[in-house]
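Asker: Have a look at the structure that comes next, please.
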Amino acid sequence: MEGKVPGKQPLLTPYKMGKFQLSHRGLLITEATGVSDTAQGYAHTPGIWTKEQVEAWKPIVDAVHAKGSIFICQLWHVGRVSNTEFQPNGQAPLSSTDKALTPQVRSNGFDVAEFTAPRRLTTDEVPRVVNDFRLAARNAMEAGFDGVEIHGAHGYLLDQFMKDQVNDRTDKYGADKVGIRLSPFGHHAEAGDSNPTALGLYMVESLNKYGVLYCHMVEPRIRAAGEMCECPHSLVPLRKAFNGTFIAAGGYVKEDGNNAVAEERADLVAFGRWFLANPDLPKRFALNAPLNKYNRETFYAPEPIIGYTDYPFLEDIVE
C-alpha cells in the first residue's frame with residue numbers, strides 16, 4: 001500500500017534511508033521499548049538504555065533485515081502508567097502531574113492493573129527525560145535499526161503532557177529518521193482531551209517544522225485498547241495538514257486499508273493484531289488467503305510462547 005501524494009514529502013520508499021526500501025514485508029515497528037529504568041510499567045517489556053540491551057537487539061535487527069524489511073524502534077516512557085514494582089528503588093513513577101491514575105482493566109478483560117500516585121517532574125528534570133529519549137535513539141542506531149518512532153499516544157508520558165485532562169502544570173511544559181505515534185482522540189489511561197481535533201492539528205503543524213519522517217496516528221474510532229466505537233471525527237484534516245508520510249492505525253482490515261490509501265486518507269496503513277496473528281500477513285493479503293484469528297486474552301501476557309510465536313504460517317497449515 002504505497003503511494004505518493006502531490007505536494008507532500010515522498011513516502012518512505014525513496015526517503016533517505018540508505019539501501020532500504022519498502023519490500024513485500026513492509027515496515028516493522030517494535031512495540032514499547034523503554035528509554036530508561038523509569039520508563040517501565042509492564043512485565044517483560046524490552047528496553048534500549050544499556051549496552052547489554054543494545055547487543056541483545058543486534059541479532060534480532062539482523063534477522064528482520066535478512067527478511068528484507070525496514071525495522072523501526074518504538075521508544076516509550078509510560079509515565080504514571082506504572083507502579084513502584086517497576087520503578088528503580090521502589091520510587092514513584094514520573095509524570096507531568098501528581099494526579100493518580102485509577103485502576104484499569106487490562107486488555108485481556110479480567111486482570112486489573114493498580115498504579116502508584118506519580119511524582120510530578122520538576123521543570124529542571126524534564127530535559128533529563130528528553131535526553132533519555134535522545135540516548136535511546138542513539139542506541140537504536142547502534143543496534144542497527146533504520147529509525148525510531150516516539151510513542152506519544154495511549155496515555156503514556158508524552159500524552160500526559162499533551163492532554164489537558166492530565167497536564168495541570170503551570171510551567172513552560174503546560175527530525176530525520178524520526179517518526180511519532182499520536183492518539184489525540186484516544187482516552188487511554190484517562191488521558192482524553194476536550195478538543196482532540198485542535199490538539200491533533202496543533203501537533204502535526206508543529207511537527208512540520210522539524211521534517212519528521214512520518215506521523216503514525218490512531219483512528220478516532222479507537223477510544224481505548226480493544227474498544228472501537230462510532231465516531232464523528234476523522235483523521236483527514238490532520239492528514240491534509242501534515243507534510244510527511246501519514247500512517248493510519250486502528251481497526252483496519254485489508255479492504256478498508258486499501259480504501260484509505262486509494263482515497264488518500266492515509267499514505268500507509270498499520271496492522272497490529274492481524275500481523276501478530278499472521279506473521280505472513282502481506283502474503284495472505286496478496287493471495288486473499290484466510291487469516292488466523294487472534295486471541296486477545298494472550299495480548300501483553302508474560303507467557304513467552306502462547307499467543308505470540310505460535311501462530312502458523314500459511315504453508316504450515318495442513319488442509
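In the C-alpha cells, the first chain shown is A, the next is B, and so on; residue numbers restart at 1 for each chain, and ligands run from 1 in the order shown.
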Name the residues of segment 114-306 of chain A that come out as alpha helix (DSSP H) in a backbone DSSP run; write them as a ChimeraX atom specification.
Answerer: /A:126-143,157-162,196-207,236-241,254-262,273-277,281-287
Asker: Skipping near chain neighbours, those fewer than 6 positions away, what residues fall within 8 Å of Lys163 of chain A using only C-alpha atoms, listed as number ranges by chain?
Answerer: A: 184, 191-193
Asker: Write a file of the just-selected residues containing all heavy atoms, as a PDB file, in the first residue's frame.
Answerer:
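The file below, result_34.pdb, is the result:
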```
ATOM      1  N   PRO A 184      -4.584  11.651  19.489  1.00  0.00           N
ATOM      2  CA  PRO A 184      -5.279  12.797  20.090  1.00  0.00           C
ATOM      3  C   PRO A 184      -6.731  12.515  20.449  1.00  0.00           C
ATOM      4  O   PRO A 184      -7.293  13.171  21.331  1.00  0.00           O
ATOM      5  CB  PRO A 184      -5.181  13.874  19.001  1.00  0.00           C
ATOM      6  CG  PRO A 184      -4.949  13.130  17.736  1.00  0.00           C
ATOM      7  CD  PRO A 184      -4.135  11.940  18.119  1.00  0.00           C
ATOM      8  N   ALA A 191      -6.538   9.686  29.722  1.00  0.00           N
ATOM      9  CA  ALA A 191      -5.886  10.835  29.085  1.00  0.00           C
ATOM     10  C   ALA A 191      -6.690  11.224  27.852  1.00  0.00           C
ATOM     11  O   ALA A 191      -6.353  10.860  26.729  1.00  0.00           O
ATOM     12  CB  ALA A 191      -4.443  10.507  28.703  1.00  0.00           C
ATOM     13  N   GLY A 192      -7.777  11.947  28.076  1.00  0.00           N
ATOM     14  CA  GLY A 192      -8.586  12.462  26.983  1.00  0.00           C
ATOM     15  C   GLY A 192      -8.338  13.943  26.807  1.00  0.00           C
ATOM     16  O   GLY A 192      -7.641  14.576  27.603  1.00  0.00           O
ATOM     17  N   ASP A 193      -8.906  14.509  25.754  1.00  0.00           N
ATOM     18  CA  ASP A 193      -8.756  15.939  25.524  1.00  0.00           C
ATOM     19  C   ASP A 193     -10.097  16.535  25.148  1.00  0.00           C
ATOM     20  O   ASP A 193     -10.915  15.882  24.476  1.00  0.00           O
ATOM     21  CB  ASP A 193      -7.729  16.218  24.420  1.00  0.00           C
ATOM     22  CG  ASP A 193      -7.290  17.670  24.417  1.00  0.00           C
ATOM     23  OD1 ASP A 193      -6.450  18.028  25.268  1.00  0.00           O
ATOM     24  OD2 ASP A 193      -7.795  18.442  23.585  1.00  0.00           O
TER      25      ASP A 193
END
```
Asker: What gap, in Å, lies between atom CA of Ala56 of chain A and atom CA of Ser36 of chain A?
Answerer: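 If I compute the distance from atom CA of Ala56 of chain A to atom CA of Ser36 of chain A, I get 15.9 Å.
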Asker: Of the candidates A:Leu27, A:Val54, A:Ala189, A:Val61, which shows the shortest atom-to-atom distance to Ile247 of chain A, using only C-alpha atoms?
Answerer: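 Using only C-alpha atoms, the shortest distance to Ile247 of chain A belongs to A:Leu27.
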Asker: Would you pick out the contacts of Met217 of chain A at 7 Å or less, using only C-alpha atoms, so that residues sharing its chain but fewer than 5 positions from it are not included, and give the list as a PDB file with N, CA, C and O atoms, in the first residue's frame?
Answerer:
```pdb
ATOM      1  N   ARG A 181       4.166   8.518  17.044  1.00  0.00           N
ATOM      2  CA  ARG A 181       2.824   7.928  17.130  1.00  0.00           C
ATOM      3  C   ARG A 181       1.985   8.787  18.068  1.00  0.00           C
ATOM      4  O   ARG A 181       2.409   9.090  19.188  1.00  0.00           O
ATOM      5  N   LEU A 182       0.796   9.163  17.607  1.00  0.00           N
ATOM      6  CA  LEU A 182      -0.080  10.036  18.376  1.00  0.00           C
ATOM      7  C   LEU A 182      -1.506   9.491  18.397  1.00  0.00           C
ATOM      8  O   LEU A 182      -1.935   8.827  17.455  1.00  0.00           O
ATOM      9  N   SER A 183      -2.222   9.793  19.475  1.00  0.00           N
ATOM     10  CA  SER A 183      -3.633   9.392  19.564  1.00  0.00           C
ATOM     11  C   SER A 183      -4.438  10.530  20.192  1.00  0.00           C
ATOM     12  O   SER A 183      -4.929  10.405  21.319  1.00  0.00           O
ATOM     13  N   ILE A 247       0.654   7.729   8.510  1.00  0.00           N
ATOM     14  CA  ILE A 247       0.275   6.331   8.727  1.00  0.00           C
ATOM     15  C   ILE A 247      -0.951   6.289   9.629  1.00  0.00           C
ATOM     16  O   ILE A 247      -0.946   6.863  10.720  1.00  0.00           O
ATOM     17  N   ALA A 248      -2.001   5.630   9.180  1.00  0.00           N
ATOM     18  CA  ALA A 248      -3.221   5.481   9.978  1.00  0.00           C
ATOM     19  C   ALA A 248      -3.266   4.093  10.600  1.00  0.00           C
ATOM     20  O   ALA A 248      -2.867   3.108   9.972  1.00  0.00           O
ATOM     21  N   ALA A 249      -3.762   4.007  11.812  1.00  0.00           N
ATOM     22  CA  ALA A 249      -3.850   2.728  12.522  1.00  0.00           C
ATOM     23  C   ALA A 249      -5.148   2.677  13.307  1.00  0.00           C
ATOM     24  O   ALA A 249      -5.682   3.709  13.712  1.00  0.00           O
TER      25      ALA A 249
END
```
Asker: Just the strand (DSSP E) stuff from segment 7-192 of chain A, please, per backbone DSSP, written as a PyMOL selection string.
Answerer: chain A and resi 27-29+33-34+70-76+94-95+104-105+112-113+119-120+147-152+178-182
Asker: Pick out the closest residue to Gly147 of chain A from this set: A:Tyr308, A:Tyr202, A:Phe313, A:Phe71. Count only C-alpha atoms.
Answerer: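 Checking each of A:Tyr308, A:Tyr202, A:Phe313, A:Phe71 against Gly147 of chain A, counting only C-alpha atoms, the winner is A:Phe71.
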Asker: If we count only C-alpha atoms and set the cut-off at 8 Å, which residues sit around segment 123-125 of chain A, ignoring sequence neighbours fewer than 4 positions away in its own chain? Please answer as a ChimeraX atom specification.
Answerer: /A:129,171-173
Asker: Using C-alpha atoms, can you write the selected residues to a file as a PDB file, in the first residue's frame?
Answerer:
```pdb
ATOM      1  CA  VAL A 129      13.840  12.677  30.296  1.00  0.00           C
ATOM      2  CA  ASP A 171       5.393  25.998  33.821  1.00  0.00           C
ATOM      3  CA  LYS A 172       6.643  26.061  30.221  1.00  0.00           C
ATOM      4  CA  TYR A 173       5.772  22.451  29.693  1.00  0.00           C
TER       5      TYR A 173
END
```
Asker: Restricting the calculation to only C-alpha atoms, which member of A:Ala224, A:Ala262, A:Ala277, A:Val204 is positioned closest to Ala241 of chain A?
Answerer: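 For Ala241 of chain A, the nearest of the given residues is A:Val204.
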Asker: What separation in Å, quoted to one decimal, exists between atom CA of Thr50 of chain A and atom CA of Asn139 of chain A?
Answerer: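 For atom CA of Thr50 of chain A relative to atom CA of Asn139 of chain A, the distance reads 8.1 Å.
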Asker: Find, counting only C-alpha atoms, the residue in A:Phe115, A:Trp49, A:Phe145, A:Tyr42 that gets nearest to Cys73 of chain A.
Answerer: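 Comparing A:Phe115, A:Trp49, A:Phe145, A:Tyr42 against Cys73 of chain A, the winner is A:Phe145.
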Asker: Can you pull out every residue within 12 Å of Val148 of chain A, counting only C-alpha atoms, but drop anything in the same chain fewer than 6 positions away, and send it as a VMD selection string?
Answerer: chain A and resid 27 to 33 35 48 70 to 76 133 to 142 175 to 181 212 to 216
Asker: Which residue, A:Gly144, A:Pro232, A:Gly211, A:Gly41, has the smallest gap to Ala63 of chain A when you use only C-alpha atoms?
Answerer: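 Using only C-alpha atoms, the shortest distance to Ala63 of chain A belongs to A:Gly144.
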Asker: Name the closest residue to His65 of chain A among the candidates A:Asp146, A:His233, A:Ile317, A:Gly155; distances are taken between atoms, counting only C-alpha atoms.
Answerer: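 Closest residue, counting only C-alpha atoms: A:Asp146.
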